[in-house]
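Q: I'm passing along structure03.cif; it holds mmCIF, C-alpha atoms.
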data_query
#
loop_
_atom_site.label_atom_id
_atom_site.label_comp_id
_atom_site.auth_asym_id
_atom_site.auth_seq_id
_atom_site.Cartn_x
_atom_site.Cartn_y
_atom_site.Cartn_z
CA MET A 11 266.84 95.44 -16.71
CA SER A 12 268.30 95.69 -20.22
CA GLU A 13 267.39 98.66 -22.39
CA ARG A 14 265.82 96.49 -25.10
CA ILE A 15 263.45 97.87 -27.75
CA TYR A 16 259.98 96.36 -27.70
CA SER A 17 258.06 95.78 -30.91
CA LYS A 18 254.56 97.16 -31.49
CA LYS A 19 252.99 93.78 -30.71
CA GLU A 20 255.07 93.43 -27.53
CA VAL A 21 254.07 96.94 -26.43
CA GLU A 22 250.38 96.02 -26.80
CA GLN A 23 250.96 92.83 -24.80
CA LEU A 24 252.84 94.73 -22.09
CA ILE A 25 250.09 97.32 -21.73
CA LYS A 26 247.43 94.61 -21.60
CA LYS A 27 249.41 92.71 -18.95
CA ALA A 28 250.00 95.88 -16.92
CA VAL A 29 246.26 96.63 -16.93
CA GLU A 30 245.55 93.07 -15.76
CA LEU A 31 248.08 93.41 -12.93
CA GLU A 32 246.68 96.82 -11.99
CA SER A 33 243.18 95.35 -11.82
CA LYS A 34 244.38 92.94 -9.12
CA ARG A 35 245.70 95.71 -6.90
CA PRO A 36 243.47 96.67 -3.97
CA LEU A 37 242.15 100.21 -3.95
CA PRO A 38 242.64 102.35 -0.85
CA GLU A 39 238.93 102.29 -0.07
CA LYS A 40 238.01 99.05 -1.86
CA LYS A 41 239.52 95.62 -1.33
CA ASN A 42 238.49 94.22 -4.70
CA TRP A 43 236.60 95.08 -7.87
CA GLU A 44 234.15 92.19 -7.78
CA ASN A 45 231.22 94.53 -7.22
CA GLY A 46 232.33 96.83 -10.01
CA LEU A 47 233.31 100.50 -10.06
CA ASN A 48 231.43 103.64 -10.96
CA ILE A 49 232.82 106.22 -13.38
CA GLY A 50 234.22 108.36 -10.55
CA GLU A 51 236.17 105.44 -9.08
CA LEU A 52 237.42 104.49 -12.53
CA LYS A 53 238.71 108.03 -13.09
CA ASN A 54 240.51 107.90 -9.73
CA VAL A 55 242.16 104.62 -10.72
CA ALA A 56 243.18 106.16 -14.04
CA ALA A 57 244.73 109.16 -12.30
CA GLU A 58 246.69 106.88 -9.93
CA THR A 59 248.06 104.85 -12.86
CA GLY A 60 249.01 107.90 -14.92
CA LEU A 61 246.12 107.79 -17.41
CA ASP A 62 244.06 110.81 -18.35
CA PRO A 63 240.74 110.48 -16.45
CA GLU A 64 238.94 112.23 -19.30
CA LEU A 65 239.95 109.39 -21.61
CA ILE A 66 238.29 106.93 -19.23
CA GLU A 67 235.08 108.95 -19.36
CA ARG A 68 235.24 109.09 -23.16
CA ALA A 69 235.95 105.36 -23.41
CA ALA A 70 232.97 104.64 -21.14
CA TYR A 71 230.73 106.75 -23.37
CA GLU A 72 231.91 104.96 -26.52
CA MET A 73 231.44 101.59 -24.81
CA ASP A 74 227.86 102.50 -23.90
CA VAL A 75 227.11 103.70 -27.43
CA LEU A 76 228.73 100.76 -29.23
CA PRO A 77 229.34 97.82 -26.86
CA GLU A 78 231.29 94.76 -28.00
CA ASP A 79 228.05 92.76 -28.34
CA HIS A 80 226.35 95.44 -30.44
CA GLU A 81 225.94 92.97 -33.31
CA GLU A 82 223.45 91.08 -31.14
CA LYS A 83 221.27 94.21 -31.20
CA VAL A 84 221.05 94.20 -35.00
CA ARG A 85 217.42 93.31 -35.64
CA VAL A 86 215.89 91.20 -38.40
CA ASN A 87 212.40 92.63 -38.87
CA ARG A 88 210.86 90.33 -41.47
CA ASP A 89 211.99 92.13 -44.66
CA GLU A 90 214.64 94.39 -43.09
CA ILE A 91 217.95 93.98 -41.26
CA THR A 92 218.44 97.15 -39.28
CA SER A 93 220.33 98.83 -36.45
CA GLU A 94 220.71 102.37 -35.16
CA VAL A 95 222.65 104.42 -32.61
CA TRP A 96 222.19 107.86 -31.06
CA LEU A 97 225.25 110.00 -30.42
CA ASP A 98 225.58 113.14 -28.31
CA SER A 99 227.01 115.14 -31.16
CA LYS A 100 226.17 117.78 -33.79
CA PRO A 101 228.26 117.00 -36.90
CA ASP A 102 228.87 119.86 -39.30
CA LYS A 103 228.51 119.71 -43.09
CA GLU A 104 232.14 118.73 -43.52
CA THR A 105 231.64 115.71 -41.26
CA LEU A 106 228.46 114.68 -43.10
CA ASP A 107 230.31 114.82 -46.41
CA MET A 108 233.06 112.71 -44.86
CA LEU A 109 230.48 110.12 -43.77
CA VAL A 110 229.07 109.92 -47.31
CA THR A 111 232.59 109.46 -48.69
CA GLU A 112 233.24 106.72 -46.14
CA LEU A 113 230.03 104.92 -47.14
CA ASN A 114 231.05 105.01 -50.80
CA HIS A 115 234.43 103.58 -49.80
CA ILE A 116 232.92 100.80 -47.64
CA TYR A 117 230.62 99.58 -50.40
CA GLY A 118 233.03 100.28 -53.26
CA THR A 119 230.68 102.62 -55.08
CA THR A 120 230.17 106.26 -55.99
CA ASP A 121 227.27 108.69 -56.14
CA GLU A 122 228.37 110.15 -59.50
CA LEU A 123 226.24 109.15 -62.53
CA ASN A 124 227.18 109.27 -66.20
CA TRP A 125 224.90 110.95 -68.74
CA TRP A 126 223.05 107.70 -69.54
CA GLU A 127 222.40 106.93 -65.87
CA LYS A 128 221.27 110.51 -65.26
CA LEU A 129 218.89 110.33 -68.23
CA TRP A 130 217.19 107.14 -67.08
CA GLN A 131 217.88 107.55 -63.34
CA ILE A 132 219.70 104.22 -63.16
CA HIS A 133 221.30 103.65 -59.77
CA LYS A 134 222.31 99.98 -59.94
CA GLY A 135 225.77 99.70 -58.45
CA LYS A 136 225.63 103.39 -57.52
CA ALA A 137 224.63 105.38 -54.45
CA LYS A 138 221.78 107.88 -54.38
CA ILE A 139 222.02 110.72 -51.89
CA GLU A 140 219.19 112.86 -50.59
CA ARG A 141 220.15 115.90 -48.54
CA LYS A 142 217.70 117.88 -46.42
CA PRO A 143 218.32 120.56 -43.74
CA ASN A 144 217.97 118.09 -40.86
CA PHE A 145 218.97 114.75 -42.44
CA THR A 146 221.04 113.06 -45.13
CA GLU A 147 220.01 109.71 -46.62
CA TRP A 148 222.40 107.44 -48.52
CA ILE A 149 220.78 104.68 -50.62
CA TYR A 150 222.81 102.01 -52.39
CA THR A 151 221.48 99.47 -54.89
CA SER A 152 223.73 96.47 -55.59
CA SER A 153 224.85 95.85 -59.15
CA SER A 154 222.49 92.87 -59.40
CA GLY A 155 219.60 94.92 -58.08
CA ALA A 156 218.92 92.23 -55.46
CA PHE A 157 219.89 94.22 -52.34
CA PHE A 158 219.27 97.74 -51.10
CA THR A 159 221.20 99.45 -48.30
CA ARG A 160 219.88 102.66 -46.72
CA VAL A 161 221.75 104.83 -44.24
CA LEU A 162 219.95 107.67 -42.46
CA LEU A 163 222.03 110.45 -40.88
CA GLN A 164 219.65 112.63 -38.88
CA GLN A 165 220.07 115.46 -36.38
CA ARG A 166 217.44 115.69 -33.64
CA GLY A 167 218.17 118.45 -31.19
CA GLU A 168 221.50 117.78 -29.51
CA ARG A 169 221.61 114.13 -30.60
CA PHE A 170 222.69 112.57 -33.90
CA ARG A 171 221.01 109.45 -35.25
CA ILE A 172 222.66 106.85 -37.50
CA ARG A 173 220.34 104.17 -38.88
CA VAL A 174 221.50 101.43 -41.27
CA SER A 175 219.09 99.00 -42.94
CA LYS A 176 219.33 96.34 -45.64
CA ARG A 177 216.50 94.91 -47.77
CA GLN A 178 216.08 92.39 -50.58
CA ILE A 179 214.43 92.81 -53.95
CA TYR A 180 210.62 92.81 -53.79
CA ASN A 181 210.98 93.23 -50.00
CA LEU A 182 211.35 89.47 -49.53
CA ASP A 183 211.51 88.13 -45.99
CA TRP A 184 215.04 87.49 -44.77
CA ASP A 185 214.30 84.46 -42.62
CA SER A 186 211.33 82.78 -44.31
CA ALA A 187 211.18 79.01 -44.74
CA LEU A 188 208.41 79.50 -47.29
CA ASN A 189 210.62 81.69 -49.47
CA THR A 190 213.35 79.05 -49.42
CA LEU A 191 210.82 76.41 -50.41
CA LEU A 192 209.16 78.39 -53.19
CA ILE A 193 212.16 80.20 -54.65
CA ILE A 194 214.84 77.52 -54.42
CA VAL A 195 213.55 74.05 -53.51
CA LEU A 196 210.62 73.81 -55.94
CA PRO A 197 212.56 75.05 -59.01
CA LEU A 198 215.40 72.73 -57.99
CA ALA A 199 212.97 69.83 -57.64
CA PHE A 200 211.56 70.54 -61.11
CA PHE A 201 215.00 70.68 -62.71
CA LEU A 202 216.40 67.60 -60.92
CA GLY A 203 213.19 65.68 -61.50
CA ILE A 204 213.26 66.30 -65.25
CA PHE A 205 217.00 65.63 -65.44
CA GLY A 206 216.77 62.46 -63.34
CA GLY A 207 213.79 61.23 -65.34
CA ALA A 208 215.62 61.76 -68.62
CA VAL A 209 218.67 59.85 -67.34
CA SER A 210 216.59 56.93 -66.04
CA GLU A 211 214.58 56.85 -69.27
CA LYS A 212 217.78 56.56 -71.28
CA LEU A 213 219.37 53.92 -69.01
CA TRP A 214 216.42 51.75 -68.01
CA GLY A 215 213.58 52.90 -70.24
CA MET A 216 211.61 54.24 -67.24
CA PHE A 217 211.02 57.94 -66.54
CA TRP A 218 209.41 57.81 -63.07
CA PRO A 219 212.32 56.41 -60.99
CA GLY A 220 214.60 59.25 -62.07
CA LEU A 221 211.85 61.81 -61.52
CA GLY A 222 211.24 60.58 -57.97
CA ALA A 223 214.96 60.48 -57.20
CA GLY A 224 215.42 64.07 -58.41
CA ILE A 225 212.50 65.35 -56.32
CA MET A 226 213.71 63.44 -53.24
CA LEU A 227 217.24 64.83 -53.65
CA SER A 228 215.95 68.39 -53.86
CA LEU A 229 213.83 67.94 -50.72
CA LEU A 230 216.81 66.51 -48.84
CA SER A 231 218.77 69.66 -49.76
CA TYR A 232 216.27 71.84 -47.84
CA PRO A 233 218.12 71.71 -44.45
CA LEU A 234 221.37 72.64 -46.18
CA LEU A 235 219.69 75.55 -47.95
CA ARG A 236 218.23 76.79 -44.65
CA TYR A 237 221.70 76.64 -43.11
CA ILE A 238 223.09 78.69 -46.01
CA ASP A 239 220.26 81.21 -45.51
CA LYS A 240 221.20 81.59 -41.84
CA ARG A 241 224.83 82.14 -42.79
CA HIS A 242 223.82 84.83 -45.27
CA ILE A 243 221.67 86.57 -42.65
CA ASN A 244 224.55 86.57 -40.17
CA LYS A 245 226.84 87.93 -42.88
CA TYR A 246 224.51 90.85 -43.61
CA LYS A 247 223.99 91.49 -39.90
CA SER A 248 227.77 91.80 -39.52
CA GLU A 249 227.83 94.14 -42.52
CA VAL A 250 225.18 96.41 -40.97
CA ASP A 251 226.96 96.36 -37.61
CA SER A 252 230.36 97.11 -39.19
CA THR A 253 228.91 100.02 -41.17
CA ILE A 254 227.28 101.63 -38.15
CA ARG A 255 230.45 101.17 -36.08
CA GLN A 256 232.70 102.86 -38.65
CA LEU A 257 230.33 105.80 -39.07
CA SER A 258 229.94 106.24 -35.30
CA GLU A 259 233.69 106.20 -34.76
CA LEU A 260 234.16 108.86 -37.43
CA VAL A 261 231.51 111.08 -35.82
CA MET A 262 233.07 110.70 -32.37
CA GLN A 263 236.57 111.36 -33.71
CA SER A 264 235.31 114.48 -35.46
CA SER A 265 233.61 115.57 -32.25
CA ASN A 266 236.84 115.07 -30.29
CA LYS A 267 238.78 117.18 -32.80
CA SER A 268 236.19 119.95 -32.59
CA GLU A 269 236.36 119.93 -28.79
CA SER A 270 240.16 120.06 -28.92
CA LYS A 271 240.12 123.01 -31.32
CA SER A 272 237.57 124.77 -29.13
CA SER A 273 239.66 124.28 -25.99
CA ILE A 274 242.79 125.55 -27.76
CA THR A 275 240.88 128.61 -29.00
CA ASN A 276 239.56 129.30 -25.51
CA ARG A 277 243.05 129.07 -24.05
CA ASN A 278 244.39 131.48 -26.66
CA THR A 279 241.59 134.00 -26.19
CA SER A 280 241.50 133.92 -22.41
CA THR A 281 244.50 136.14 -21.76
CA SER A 282 245.13 137.48 -18.30
CA GLU A 283 244.76 141.19 -17.77
CA ILE A 284 248.02 142.92 -16.93
CA GLU A 285 247.80 146.33 -15.36
CA ILE A 286 250.30 148.71 -16.88
CA PRO A 287 251.15 151.53 -14.49
CA GLU A 288 250.59 154.98 -15.88
CA GLU A 289 253.80 156.82 -16.71
CA LYS A 290 254.16 160.05 -14.86
CA ASP A 291 254.76 163.10 -16.94
CA THR A 292 258.11 164.00 -15.42
CA SER A 293 259.14 166.44 -18.15
CA GLN A 294 256.97 169.28 -16.77
CA ASP A 295 258.27 168.72 -13.22
CA GLU A 296 261.87 168.86 -14.39
CA SER A 297 261.26 172.09 -16.37
CA ARG A 298 259.68 173.72 -13.31
CA LYS A 299 262.64 172.77 -11.17
CA LEU A 300 265.00 174.21 -13.76
CA ARG A 301 263.13 177.58 -13.90
CA ASN A 302 263.13 177.85 -10.10
CA HIS A 303 266.84 177.15 -10.05
CA LEU A 304 267.53 179.95 -12.61
CA ARG A 305 265.49 182.41 -10.62
CA GLU A 306 267.57 181.71 -7.55
#
Please express what this file holds, its structure, as C-alpha cells.

A:
Amino acid sequence: MSERIYSKKEVEQLIKKAVELESKRPLPEKKNWENGLNIGELKNVAAETGLDPELIERAAYEMDVLPEDHEEKVRVNRDEITSEVWLDSKPDKETLDMLVTELNHIYGTTDELNWWEKLWQIHKGKAKIERKPNFTEWIYTSSSGAFFTRVLLQQRGERFRIRVSKRQIYNLDWDSALNTLLIIVLPLAFFLGIFGGAVSEKLWGMFWPGLGAGIMLSLLSYPLLRYIDKRHINKYKSEVDSTIRQLSELVMQSSNKSESKSSITNRNTSTSEIEIPEEKDTSQDESRKLRNHLRE
C-alpha cells in the first residue's frame, strides 16, 4: 500500500469505517452484538482494538448525561422553555467564572454596566449575575426586553446542576393559540379591515366589502402564524439545548483536567522507598590495626 497522506476528513472517514468493520467482528464469547453489550464488554472490545478502556467509560457517561436526542427532553411548561442536567462533578470557582464567560460569549453580551445602567439598574441587553456560596445564577434580558434567559449553576453534594430556562415578556404562554389570536390576528384584522375598507370606498364607493375582505384575509393567516409560532418554539428549544450542552462539556472537560493533574501529582509524590545501607565507620578499625602493628 502506498504511503499516501490522508486529509483530516479522510482520517475521520477511515476511523468511522474501521469502527463499523470492527462492530461486525464476532467477539470470542459473543457471536454478534444484536443484544447489546454492557460497559465491561465494551471496555474489553476497546482494549482489543487498541483504545483506552477508560475513554469508553467516559464516553458512556457523557452519552448518558447528554444523549443525542437530548433536545427532545427540553420541556415547554406553559410560560417557560427549560431543561437541566446533573453532573457528577464539583467545579471550582475558576470553572464557574469560565462558565459565566462562556454564557456571555454565547449570547453576545456582558455583565459589565456603565454608570447610567448602574444608576437605574438597567439590564436590557446585559447579563445580571448573582453569586451565592452554593449557586451562581446568570440572567440575561434581550435588548428588546421581550425575552429572558436564566441559567442556574448549583452544587448539591457531589453533583452539579445546570438548569437553563427561557421566558417571554409578561410571562406569556409559549404555545397558546389564544395569544396568537389576541396579540396578532385581531390587531391584524383591525388594520387590514380599515385599510381594505378605505381602498374599496375609494374604488367603488362602498366601505363594507373591503372591511370584510381584510378581516377574512387576517383570519386565513392564522394557520400560517401558528406554523411560525411552532418554528420559533423549536428555535428556542434548540437554543436552550445548545446552551446546556456547551456548559456541560466545559464542566466535564474541566473535571478531566483536574483528574489528570491529580493523577500526575500522585505519581510524582508516590516515590518508592530506597534503603540506603549504613556506611561502616572503617576509620577507627584501620587506626586500631595500625597501632597494633606498631606495637609488634

Q: What does the PyMOL selection byres ((chain A and resi 68) around 12) select in this file, as a list in words?

A: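 Here the PyMOL selection byres ((chain A and resi 68) around 12) matches Ile49, Leu52, Lys53, Asp62, Pro63, Glu64, Leu65, Ile66, Glu67, Ala69, Ala70, Tyr71, Glu72, Met73, Asp74, Val75, Asp98, Met262, Gln263, Ser265 and Asn266 of chain A.
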
Q: List as a compact mmCIF listing (two decimals) with C-alpha atoms, keeping the file's coordinate frame the residues having at least one atom at most 12 Å from position (218.3, 64.0, -59.5) as given in the file, counting only C-alpha atoms.

A:
# COMPACT_ATOMS: atom_id res chain seq x y z
CA LEU A 198 215.40 72.73 -57.99
CA ALA A 199 212.97 69.83 -57.64
CA PHE A 200 211.56 70.54 -61.11
CA PHE A 201 215.00 70.68 -62.71
CA LEU A 202 216.40 67.60 -60.92
CA GLY A 203 213.19 65.68 -61.50
CA ILE A 204 213.26 66.30 -65.25
CA PHE A 205 217.00 65.63 -65.44
CA GLY A 206 216.77 62.46 -63.34
CA GLY A 207 213.79 61.23 -65.34
CA ALA A 208 215.62 61.76 -68.62
CA VAL A 209 218.67 59.85 -67.34
CA SER A 210 216.59 56.93 -66.04
CA PHE A 217 211.02 57.94 -66.54
CA TRP A 218 209.41 57.81 -63.07
CA PRO A 219 212.32 56.41 -60.99
CA GLY A 220 214.60 59.25 -62.07
CA LEU A 221 211.85 61.81 -61.52
CA GLY A 222 211.24 60.58 -57.97
CA ALA A 223 214.96 60.48 -57.20
CA GLY A 224 215.42 64.07 -58.41
CA ILE A 225 212.50 65.35 -56.32
CA MET A 226 213.71 63.44 -53.24
CA LEU A 227 217.24 64.83 -53.65
CA SER A 228 215.95 68.39 -53.86
CA LEU A 229 213.83 67.94 -50.72
CA LEU A 230 216.81 66.51 -48.84
CA SER A 231 218.77 69.66 -49.76

Q: Using the chain letters and numbers from the file, give me the residues hit by the PyMOL selection byres ((chain A and resi 240-249) around 9), as a JSON list (two decimals) with C-alpha atoms, in the frame of the given file.

A:
[["chain", "number", "residue", "atom", "x", "y", "z"],
["A", 81, "GLU", "CA", 225.94, 92.97, -33.31],
["A", 82, "GLU", "CA", 223.45, 91.08, -31.14],
["A", 84, "VAL", "CA", 221.05, 94.20, -35.00],
["A", 85, "ARG", "CA", 217.42, 93.31, -35.64],
["A", 86, "VAL", "CA", 215.89, 91.20, -38.40],
["A", 91, "ILE", "CA", 217.95, 93.98, -41.26],
["A", 92, "THR", "CA", 218.44, 97.15, -39.28],
["A", 93, "SER", "CA", 220.33, 98.83, -36.45],
["A", 176, "LYS", "CA", 219.33, 96.34, -45.64],
["A", 184, "TRP", "CA", 215.04, 87.49, -44.77],
["A", 185, "ASP", "CA", 214.30, 84.46, -42.62],
["A", 235, "LEU", "CA", 219.69, 75.55, -47.95],
["A", 236, "ARG", "CA", 218.23, 76.79, -44.65],
["A", 237, "TYR", "CA", 221.70, 76.64, -43.11],
["A", 238, "ILE", "CA", 223.09, 78.69, -46.01],
["A", 239, "ASP", "CA", 220.26, 81.21, -45.51],
["A", 250, "VAL", "CA", 225.18, 96.41, -40.97],
["A", 251, "ASP", "CA", 226.96, 96.36, -37.61],
["A", 252, "SER", "CA", 230.36, 97.11, -39.19],
["A", 253, "THR", "CA", 228.91, 100.02, -41.17],
["A", 254, "ILE", "CA", 227.28, 101.63, -38.15]]

Q: Can you work out which one of A:Glu140, A:Glu259, A:Glu90, A:Asp107 has the shortest atom-to-atom distance to Val174 of chain A, counting only C-alpha atoms?

A: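 Result for the nearest residue to Val174 of chain A: A:Glu90.
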
Q: Measuring atom to atom with only C-alpha atoms, identify which of A:Lys134, A:Leu163, A:Arg14, A:Glu94 is nearest to Met108 of chain A.

A: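 Nearest candidate to Met108 of chain A out of A:Lys134, A:Leu163, A:Arg14, A:Glu94: A:Leu163.
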
Q: For the structure provided, state which residues fall under the PyMOL selection byres ((chain A and resi 183) around 9), and present them as a list in words.

A: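 When the PyMOL selection byres ((chain A and resi 183) around 9) is applied, the selected residues are Asn87, Arg88, Asp89, Glu90, Arg177, Gln178, Asn181, Leu182, Trp184, Asp185, Ser186 and Asn189 of chain A.
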
Q: From the options A:Leu97, A:Leu31, A:Met216, A:Leu196, which residue's atoms come nearest to Arg166 of chain A, counting all atoms listed in the file?

A: A:Leu97

Q: Just the residues within 6 Å of Gln164 of chain A, please, counting all atoms listed in the file, with nothing from its chain fewer than 2 positions along; format it as a PyMOL selection string.

A: chain A and resi 145+170-171

Q: Just to confirm, what's the straight-line distance from atom CA of Leu61 of chain A to atom CA of Leu24 of chain A in Å (one decimal)?

A: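 Taking atom CA of Leu61 of chain A and atom CA of Leu24 of chain A, their separation equals 15.4 Å.
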
Q: Work out how far apart atom CA of Glu104 of chain A and atom CA of Arg141 of chain A are and give it in Å to one decimal.

A: 13.3 Å

Q: Separation of atom CA of Ile149 of chain A and atom CA of Lys100 of chain A, in Å?

A: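 Atom CA of Ile149 of chain A sits 22.0 Å away from atom CA of Lys100 of chain A.
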